[in-house]
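For reference, the structure is listed below as structure tokens.
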Amino acid sequence: MTLEREWTRGAAPLAVLTLLERGEMYGYELVQALERDSGGLLTLGQSTVYPLLYNLEGKGHVEAIWRSAPNGRKRKYYRATPDGLSWLEGQRSQWATLVQAMASLGVSGRGGAS
Amino acid sequence: MTLPAEVEHLIREVLDASSLGFEEGRLEVERELRAHFEDGIDSGSTAEELIERFGDPVEAGHRIRVTRPRVEKRNRGTTGRWWMGFGELGTEVKRAMRRLRRAPGFTFIVVSTLALGVGVNAAIFTVLNAVLLEDLPYAEPDRLTRVYENFEQFGSTEFLRAPVLSEIRQWDEIFEGVAAVDAYREQGADLTDGDVPTRVTMLPVSAGYFETLGRFPSVGRSFLESESYATGESTDSTRDRAMVTILSHRVWRDRFESDPDILGRALEFDGLSFEVVGVMPPGFRDPIGTQADVWIPLDMRTGGRNHFGNYYLSGIARLREGVTAEMASERLKGLSAAFAEREPEVGQGVSDVRALQADLVGDGRETMLWILAAAAALVLLTACVNVANLLFVRGLSQDRTLALRSALGSGRGRLVAGVLLENGLLATLGGAAGLGVGWIGMRVLLGIAPDVLPGVATVEFGTPVFLFALGVTAGALLVFGLTPALRMSRTAPADVLRSGDRASTVGRAARRLRDGLVVIQIAAALVLVTGAALLTRSFTSVLSAPLGIEADDVLTFEVHLPAARYPDAPDRVDAVDRLQERLRALPGVEAVGAVSWLPVNGPFHTWSFYWDPENPDGGNDDAWHTADMRTIQGDYFEAMGIDIVRGASPSEVGRSTEPVIWLNEQAVESTMGGTDPLLQTVFASGESRRVAGVVSDVAHSHRGDVAPTMYVVHQQADDRNWALIQTVRARGEVPALQESIRSELAIVDPNLVLFRPRSLDSVLSRARAQDRFATMLMTAFGLLALVLSLVGTYGVLSGSVASRTREIGIRMALGANRDSVRKLVLRHAARLTVPGVLLGLVGAWIASRWIGTLLFGGGTNSMSTWAAAVALFAIVAAIAGWIPAQRATRVDTVQVLSAE
């Protein structure tokens, strides 16, 4: 199953920052981690990862640095900034509130019961 | 790695769809996409899979178009700040290093110019710091003072009387400690411990000497009160003196192999036994006099030579907390007046208390050092102007590169930082090389300055010098490197890129700035050259100052006759006689004599004599005159080339028992006027003496100062152990004579030491050391500045010709001939030189007032010196202008115009 595009758009920045919270990653690594850790649910069109990262970088939530990878090739690594981490905290609690609100509305009830 | 063609195509599509410009990070995005696909292929995916998973390139491009500029905007914001992160800093440093490596000529010239400027300053600063700024190596040195007193008639204050010192020791409310040193004349002793005697320098000091300085023996004790100030009368005999000694660390280490059981051991100095009671720590040095090897207690008891008429001690005192030197001085003046009343026959003494440090350096030396420091600063200024010019020219050639980087998205802050880093690297290299140059310079200074600078033996190249060099370098590059950096950062990239190869359109303001810098440089160089010329002229007069002696081919040395084996004056006279007799027989020797104090070494034994034929009994107070007393033996006058103007020579008088004296011409003129001196009798050195002859004047100082002088032969002199300095005039190799003299001395007495053999020339050279030192340094600085300003002027002119090639080409196409083109450049040279020289003359005039204190003869108003300096700079300008002018006349009109 894949999510509808609107869901992805809202959740992706949160997912990316959550991954970067664990440690810095370069673009391709991030794409793969998203696929793997979300069970394929958050398979972004790879073309959207970079604009997404630029957006976060533009807002100051992540920062990027070029470094040599162990294989000698230059890669651009991204990591979450303190700004980004506190923004992530805020988003998480909003997310939890939303999930709770949805649950009390019964949105998630059926799936849970079956 | 090469990407498959279809991937390359996809990347191109994304970028085209994004329509990002270079300044919007297009290259950065491209690199990142490449890295993405390379990673994908590395992880085993095929190109097709990757392309499929990537999604729609056009949509990606559009999204990037929207999001990427935000990143650039943000980055410009951060790199617009002056700081950067460590990673960025590393990148920028590497970049700057690469840039410098690519311009080795530029780097070399900037670094070596800086190294010269910084090195010269570091060397001078080291010496200045050691001599003037650093504290003396004693406890709380700012409370240490030198106590002066002297007989009014001597004119200068220098030495102290023992009764005065004994009195002021009691002033507990003024002084915490008072001590005397007998440094009137350096004393040596033959230390015998084993077979061969060694000569050591011995300094008699009063008890309390080490306490006053706040430095104590590391082994044993210092001198006891009773060893200096015991009850009883002092006599000149050594029999009842305290026979104890303190050794310097050096003697203890070298001579006694740091023997731990040295205390209590008996050592023999000149045949007398002294018990070792202490050893000083390493590094201790005496503030007054030559560094001593051993110290013995000074007999301070009244009696003997410790009377009211004998000024021979050097006084050191430690002020109590809160007491100033002025207060102590006032009190001392009161005491001198009181003593004058109590002892009317010795007359009024004058007295003074001065801070020890300032006193040790001396006014003349302090002025000299500050002048040299100012000169070194001017050298640095001229060096910096050249560096600024080089940076400036380099800035122009870098405009395009920087503009490109700016267009590619580097913020202005980042660019300025890059330029600053480059300057910082240059500064570091230049500063480090400068420290090297400074270290060498300091060794050279120490090599030529031991007689000029007190305490330079302890000069170290330490932290203060390092900080100083750092400060100087950083300051120089900030001032001279930042201006071009800021200018560059303001350059609008589009202008530079559009203007193509004509990028070096130097703004008028910038050109003026460069011209202005060169004007300042010429002015600074002119000040230095004029100063150097004045000093050189002065030194030439010093060299030709009449000294009244013939210094060539004379060897001097000391022989000390130990009191233990030569207790009586006739024995000593006889020993010297026997030695001189043997020396006369040596091949090549023309005359042999001896004297108590060599000429040109300042006044010594300034005593008084009485002359009044009407009142020969000494009742006329106005008939007492002061003159320097010299004890001589053998053919001293012949050996030194001193003329006997009238009367007989000492050898003609022979061993007659009639007391006689020789006066110099000045003593005769100043006291006897027109009276025939040969018929006169004067009272001097305890006896009425007939004037046996008049001799020509001999200089007291290397600058030719003359004072009234009297000469008495050894056998008729005051009964004391005169350590005479032997003077041997010989044809041919004077140094080679030394060995034969040594063997002759051994025949006379195998236990005697030939001490300090020196040619009279080298004695003179030592006396001239300070004048020579200042002249040499100033000349070196002047030459350095001259060369630097030549390079600076040339650089500006040739740069200007290069940037005006088009203009010159067009002028020539329009009919200007070579002469007028040449004039164009030479006029520019004149525009730099004339104001530079005028400004320099004003500066030099001001500086000459200051430098005047160092000058001898001629003064500062020597028109020829000034005219020569101006002419020199005209020549420099002509040389600096001629080459670029010639180049300008060779501009190829056709080429220039077709390049349009």
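Every chain in the structure tokens takes a letter, A first, then B, and so on in the order presented; its residues are numbered from 1, and the ligands are numbered from 1 following the presented order.
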
#### Entry: Test item: chain B residues at most 8 Å from chain A, counting only C-alpha atoms, as a PyMOL selection string
chain B and resi 32+35-37+39-40+53-57+59-60+63-64+67-74

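Residues surrounding Ile288 in chain B within 10 Å are Arg146, Val181, Asp182, Ala183, Tyr184, Leu203, Ser314, Gly315, Ile316, Leu356, Leu360 and Pro454 of chain B [only C-alpha atoms; sequence separation below 5 positions excluded].
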
### Query
DSSP says strand (DSSP E or B) for which residues of range 92-240 of chain B? Put them as a VMD selection string?
chain B and resid 144 to 151 160 to 161 175 to 181 187 to 192 198 to 205 219 to 220

Atoms kept (N, CA and C atoms) for selection, written as a CSV table (one decimal), in the first residue's frame:
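Output contents, as saved in out.csv:
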```
chain,number,residue,atom,x,y,z
B,144,LEU,N,65.3,49.8,44.0
B,144,LEU,CA,66.7,49.9,44.0
B,144,LEU,C,67.2,51.2,43.4
B,145,THR,N,68.2,51.8,44.1
B,145,THR,CA,68.7,53.1,43.6
B,145,THR,C,70.2,53.1,43.6
B,146,ARG,N,70.8,54.0,42.9
B,146,ARG,CA,72.3,54.2,43.0
B,146,ARG,C,72.5,55.5,43.7
B,147,VAL,N,73.4,55.5,44.7
B,147,VAL,CA,73.7,56.6,45.5
B,147,VAL,C,75.0,57.3,45.0
B,148,TYR,N,74.9,58.6,44.7
B,148,TYR,CA,76.0,59.3,44.1
B,148,TYR,C,76.5,60.4,45.0
B,149,GLU,N,77.7,60.7,44.9
B,149,GLU,CA,78.3,61.8,45.5
B,149,GLU,C,79.5,62.1,44.8
B,150,ASN,N,80.0,63.3,44.9
B,150,ASN,CA,81.3,63.6,44.4
B,150,ASN,C,81.8,65.0,44.9
B,151,PHE,N,83.0,65.2,44.7
B,151,PHE,CA,83.7,66.4,45.0
B,151,PHE,C,83.2,67.4,44.0
B,160,LEU,N,81.3,57.7,45.9
B,160,LEU,CA,80.9,58.0,47.2
B,160,LEU,C,82.0,57.8,48.2
B,161,ARG,N,81.9,58.6,49.3
B,161,ARG,CA,82.9,58.5,50.4
B,161,ARG,C,82.4,57.5,51.4
B,175,PHE,N,66.1,54.1,53.9
B,175,PHE,CA,66.6,53.0,53.2
B,175,PHE,C,66.4,51.7,53.9
B,176,GLU,N,66.1,50.7,53.2
B,176,GLU,CA,65.9,49.3,53.8
B,176,GLU,C,67.3,48.6,53.8
B,177,GLY,N,68.1,49.0,52.8
B,177,GLY,CA,69.5,48.4,52.8
B,177,GLY,C,70.4,49.4,52.0
B,178,VAL,N,71.6,49.4,52.4
B,178,VAL,CA,72.6,50.3,51.7
B,178,VAL,C,73.9,49.4,51.6
B,179,ALA,N,74.5,49.5,50.4
B,179,ALA,CA,75.7,48.7,50.2
B,179,ALA,C,76.7,49.5,49.3
B,180,ALA,N,78.0,49.1,49.5
B,180,ALA,CA,79.0,49.8,48.7
B,180,ALA,C,79.7,48.7,47.9
B,181,VAL,N,80.1,49.1,46.7
B,181,VAL,CA,80.9,48.2,45.8
B,181,VAL,C,82.1,49.0,45.5
B,187,GLN,N,89.1,44.8,39.5
B,187,GLN,CA,90.2,44.2,40.2
B,187,GLN,C,90.3,42.7,39.9
B,188,GLY,N,91.5,42.3,39.7
B,188,GLY,CA,91.6,40.8,39.4
B,188,GLY,C,92.5,40.2,40.5
B,189,ALA,N,92.5,38.9,40.6
B,189,ALA,CA,93.4,38.3,41.5
B,189,ALA,C,93.8,36.9,40.9
B,190,ASP,N,95.0,36.5,41.2
B,190,ASP,CA,95.4,35.2,40.7
B,190,ASP,C,94.9,34.1,41.7
B,191,LEU,N,94.0,33.3,41.2
B,191,LEU,CA,93.5,32.3,42.1
B,191,LEU,C,94.4,31.0,42.0
B,192,THR,N,95.0,30.7,43.1
B,192,THR,CA,95.9,29.5,43.0
B,192,THR,C,95.3,28.3,43.8
B,198,THR,N,95.0,31.0,38.0
B,198,THR,CA,94.1,31.5,37.0
B,198,THR,C,93.7,32.9,37.5
B,199,ARG,N,93.4,33.8,36.5
B,199,ARG,CA,93.0,35.1,36.8
B,199,ARG,C,91.5,35.2,37.0
B,200,VAL,N,91.1,35.7,38.2
B,200,VAL,CA,89.6,35.9,38.4
B,200,VAL,C,89.3,37.3,38.6
B,201,THR,N,88.1,37.7,38.3
B,201,THR,CA,87.7,39.1,38.6
B,201,THR,C,87.1,39.1,40.0
B,202,MET,N,87.6,40.1,40.8
B,202,MET,CA,87.2,40.1,42.2
B,202,MET,C,86.5,41.4,42.5
B,203,LEU,N,85.4,41.3,43.2
B,203,LEU,CA,84.7,42.5,43.5
B,203,LEU,C,84.5,42.6,45.0
B,204,PRO,N,85.2,43.6,45.6
B,204,PRO,CA,85.0,43.9,47.0
B,204,PRO,C,83.6,44.5,47.2
B,205,VAL,N,82.8,43.9,48.1
B,205,VAL,CA,81.4,44.5,48.3
B,205,VAL,C,81.2,44.6,49.8
B,219,VAL,N,74.3,28.5,48.3
B,219,VAL,CA,75.0,27.6,49.2
B,219,VAL,C,75.8,28.5,50.2
B,220,GLY,N,75.7,28.2,51.5
B,220,GLY,CA,76.4,29.0,52.5
B,220,GLY,C,75.7,30.3,52.8
```

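Within 7 Å of range 78-85 of chain A, once only C-alpha atoms are used and residues closer than 2 positions along the same chain are dropped, the contacting residues are Leu17, Leu20, Glu21, Gly23, Glu24, Met25, Tyr26, Gly60, His61, Val62, Glu63, Ala64, Ile65, Lys76, Trp87, Leu88 and Glu89 of chain A.
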
Please save C-alpha atoms of the selected residues as a CSV table (one decimal), in the first residue's frame.
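Wrote out_5.csv, looks like this:
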```csv
chain,number,residue,atom,x,y,z
A,17,LEU,CA,13.9,15.0,10.4
A,20,LEU,CA,18.3,12.9,10.8
A,21,GLU,CA,17.8,13.1,14.5
A,23,GLY,CA,22.6,11.0,12.8
A,24,GLU,CA,23.7,12.6,9.7
A,25,MET,CA,22.9,11.1,6.3
A,26,TYR,CA,23.5,11.8,2.6
A,60,GLY,CA,17.4,26.3,9.0
A,61,HIS,CA,16.1,22.9,10.2
A,62,VAL,CA,18.9,21.0,8.7
A,63,GLU,CA,22.4,21.9,7.6
A,64,ALA,CA,24.5,20.4,4.9
A,65,ILE,CA,28.2,19.8,4.5
A,76,LYS,CA,26.7,16.1,0.9
A,87,TRP,CA,10.7,22.2,15.6
A,88,LEU,CA,10.5,18.4,15.4
A,89,GLU,CA,9.5,18.3,19.1
```

### Query
So what do you get for CA of Asp553 in chain B versus CA of Ser649 in chain B, distance-wise?
21.5 Å

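CA of Val164 in chain B is positioned 8.0 Å from CA of Leu335 in chain B.
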
### Query
How would you write, as JSON, numbers by chain, the set of residues in chain A that DSSP gives as alpha helix (DSSP H)?
{"A": [5, 6, 7, 8, 9, 10, 11, 12, 13, 14, 15, 16, 17, 18, 19, 20, 21, 22, 27, 28, 29, 30, 31, 32, 33, 34, 35, 36, 37, 46, 47, 48, 49, 50, 51, 52, 53, 54, 55, 56, 57, 58, 59, 82, 83, 84, 85, 86, 87, 88, 89, 90, 91, 92, 93, 94, 95, 96, 97, 98, 99, 100, 101, 102, 103, 104, 105, 109, 110, 111, 112, 113]}

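CA of Phe108 in chain B to CA of Pro884 in chain B spans 22.7 Å [interatomic distance, one decimal].
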
### Query
Could you name the residues that touch Ser248 in chain B at 9 Å or less, counting only C-alpha atoms, but leaving out those on the same chain fewer than 3 positions away, as a list in words?
Pro217, Val251, Trp252, Arg253, Gly278, Val279, Met280, Pro281, Pro282, Phe284, Ala292, Asp293, Val294 and Trp295 of chain B

Output of the above residues as an mmCIF file, in the first residue's frame, restricted to all heavy atoms:
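Dumped everything to again-v4.cif:
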```cif
data_model
loop_
_atom_site.group_PDB
_atom_site.id
_atom_site.type_symbol
_atom_site.label_atom_id
_atom_site.label_comp_id
_atom_site.auth_asym_id
_atom_site.auth_seq_id
_atom_site.Cartn_x
_atom_site.Cartn_y
_atom_site.Cartn_z
ATOM 1 N N PRO B 217 73.236 33.865 48.463
ATOM 2 C CA PRO B 217 73.960 32.668 48.060
ATOM 3 C C PRO B 217 73.050 31.445 48.114
ATOM 4 O O PRO B 217 72.197 31.345 48.998
ATOM 5 C CB PRO B 217 75.075 32.547 49.101
ATOM 6 C CG PRO B 217 75.266 33.934 49.611
ATOM 7 C CD PRO B 217 73.912 34.571 49.572
ATOM 8 N N VAL B 251 82.436 29.982 38.663
ATOM 9 C CA VAL B 251 83.741 29.553 39.173
ATOM 10 C C VAL B 251 83.601 28.244 39.956
ATOM 11 O O VAL B 251 84.416 27.330 39.827
ATOM 12 C CB VAL B 251 84.354 30.661 40.064
ATOM 13 C CG1 VAL B 251 85.516 30.114 40.884
ATOM 14 C CG2 VAL B 251 84.823 31.816 39.190
ATOM 15 N N TRP B 252 82.550 28.182 40.760
ATOM 16 C CA TRP B 252 82.315 26.969 41.556
ATOM 17 C C TRP B 252 82.163 25.755 40.637
ATOM 18 O O TRP B 252 82.727 24.701 40.866
ATOM 19 C CB TRP B 252 81.052 27.168 42.406
ATOM 20 C CG TRP B 252 80.687 25.997 43.264
ATOM 21 C CD1 TRP B 252 81.493 25.339 44.155
ATOM 22 C CD2 TRP B 252 79.419 25.350 43.330
ATOM 23 N NE1 TRP B 252 80.814 24.341 44.773
ATOM 24 C CE2 TRP B 252 79.527 24.306 44.287
ATOM 25 C CE3 TRP B 252 78.192 25.547 42.688
ATOM 26 C CZ2 TRP B 252 78.459 23.472 44.604
ATOM 27 C CZ3 TRP B 252 77.138 24.727 43.007
ATOM 28 C CH2 TRP B 252 77.266 23.696 43.951
ATOM 29 N N ARG B 253 81.411 25.955 39.536
ATOM 30 C CA ARG B 253 81.139 24.854 38.628
ATOM 31 C C ARG B 253 82.380 24.496 37.803
ATOM 32 O O ARG B 253 82.786 23.340 37.738
ATOM 33 C CB ARG B 253 79.987 25.260 37.696
ATOM 34 C CG ARG B 253 79.487 24.159 36.765
ATOM 35 C CD ARG B 253 78.612 24.773 35.689
ATOM 36 N NE ARG B 253 79.365 25.773 34.943
ATOM 37 C CZ ARG B 253 78.813 26.757 34.261
ATOM 38 N NH1 ARG B 253 77.514 26.909 34.238
ATOM 39 N NH2 ARG B 253 79.561 27.633 33.606
ATOM 40 N N GLY B 278 80.353 31.022 50.813
ATOM 41 C CA GLY B 278 79.098 30.927 50.065
ATOM 42 C C GLY B 278 79.327 30.791 48.574
ATOM 43 O O GLY B 278 80.423 31.040 48.075
ATOM 44 N N VAL B 279 78.267 30.356 47.893
ATOM 45 C CA VAL B 279 78.280 30.281 46.430
ATOM 46 C C VAL B 279 76.981 30.915 45.946
ATOM 47 O O VAL B 279 75.896 30.577 46.428
ATOM 48 C CB VAL B 279 78.349 28.814 45.935
ATOM 49 C CG1 VAL B 279 78.290 28.770 44.410
ATOM 50 C CG2 VAL B 279 79.607 28.131 46.435
ATOM 51 N N MET B 280 77.091 31.839 45.000
ATOM 52 C CA MET B 280 75.891 32.501 44.478
ATOM 53 C C MET B 280 75.179 31.576 43.485
ATOM 54 O O MET B 280 75.810 30.722 42.865
ATOM 55 C CB MET B 280 76.267 33.812 43.788
ATOM 56 C CG MET B 280 76.625 34.936 44.738
ATOM 57 S SD MET B 280 75.341 35.262 45.973
ATOM 58 C CE MET B 280 74.106 36.130 45.003
ATOM 59 N N PRO B 281 73.868 31.768 43.332
ATOM 60 C CA PRO B 281 73.129 30.932 42.359
ATOM 61 C C PRO B 281 73.519 31.311 40.931
ATOM 62 O O PRO B 281 74.022 32.404 40.701
ATOM 63 C CB PRO B 281 71.669 31.278 42.639
ATOM 64 C CG PRO B 281 71.695 32.597 43.292
ATOM 65 C CD PRO B 281 72.990 32.703 44.029
ATOM 66 N N PRO B 282 73.259 30.415 39.969
ATOM 67 C CA PRO B 282 73.583 30.746 38.581
ATOM 68 C C PRO B 282 72.760 31.944 38.132
ATOM 69 O O PRO B 282 71.643 32.145 38.599
ATOM 70 C CB PRO B 282 73.185 29.488 37.799
ATOM 71 C CG PRO B 282 72.273 28.737 38.693
ATOM 72 C CD PRO B 282 72.666 29.075 40.097
ATOM 73 N N PHE B 284 73.249 35.081 38.656
ATOM 74 C CA PHE B 284 73.379 36.340 39.398
ATOM 75 C C PHE B 284 74.401 37.215 38.707
ATOM 76 O O PHE B 284 75.457 36.754 38.297
ATOM 77 C CB PHE B 284 73.825 36.073 40.842
ATOM 78 C CG PHE B 284 74.104 37.352 41.594
ATOM 79 C CD1 PHE B 284 73.063 38.082 42.134
ATOM 80 C CD2 PHE B 284 75.398 37.831 41.702
ATOM 81 C CE1 PHE B 284 73.314 39.285 42.787
ATOM 82 C CE2 PHE B 284 75.663 39.039 42.349
ATOM 83 C CZ PHE B 284 74.622 39.761 42.896
ATOM 84 N N ALA B 292 81.530 39.786 38.375
ATOM 85 C CA ALA B 292 82.597 39.268 39.241
ATOM 86 C C ALA B 292 82.611 37.748 39.241
ATOM 87 O O ALA B 292 81.588 37.101 39.075
ATOM 88 C CB ALA B 292 82.399 39.785 40.653
ATOM 89 N N ASP B 293 83.810 37.186 39.418
ATOM 90 C CA ASP B 293 83.951 35.746 39.607
ATOM 91 C C ASP B 293 83.883 35.399 41.087
ATOM 92 O O ASP B 293 83.382 34.347 41.464
ATOM 93 C CB ASP B 293 85.298 35.270 39.049
ATOM 94 C CG ASP B 293 85.385 35.444 37.547
ATOM 95 O OD1 ASP B 293 84.367 35.196 36.874
ATOM 96 O OD2 ASP B 293 86.446 35.843 37.057
ATOM 97 N N VAL B 294 84.439 36.281 41.883
ATOM 98 C CA VAL B 294 84.410 36.067 43.342
ATOM 99 C C VAL B 294 84.171 37.407 44.030
ATOM 100 O O VAL B 294 84.485 38.464 43.489
ATOM 101 C CB VAL B 294 85.742 35.469 43.859
ATOM 102 C CG1 VAL B 294 86.022 34.133 43.216
ATOM 103 C CG2 VAL B 294 86.904 36.417 43.642
ATOM 104 N N TRP B 295 83.563 37.346 45.209
ATOM 105 C CA TRP B 295 83.329 38.549 45.991
ATOM 106 C C TRP B 295 84.100 38.428 47.310
ATOM 107 O O TRP B 295 84.199 37.319 47.872
ATOM 108 C CB TRP B 295 81.846 38.717 46.304
ATOM 109 C CG TRP B 295 81.017 38.972 45.078
ATOM 110 C CD1 TRP B 295 80.685 40.185 44.557
ATOM 111 C CD2 TRP B 295 80.412 37.987 44.236
ATOM 112 N NE1 TRP B 295 79.917 40.017 43.427
ATOM 113 C CE2 TRP B 295 79.728 38.678 43.197
ATOM 114 C CE3 TRP B 295 80.378 36.591 44.217
ATOM 115 C CZ2 TRP B 295 79.029 38.031 42.193
ATOM 116 C CZ3 TRP B 295 79.684 35.946 43.206
ATOM 117 C CH2 TRP B 295 79.013 36.662 42.212
#
```
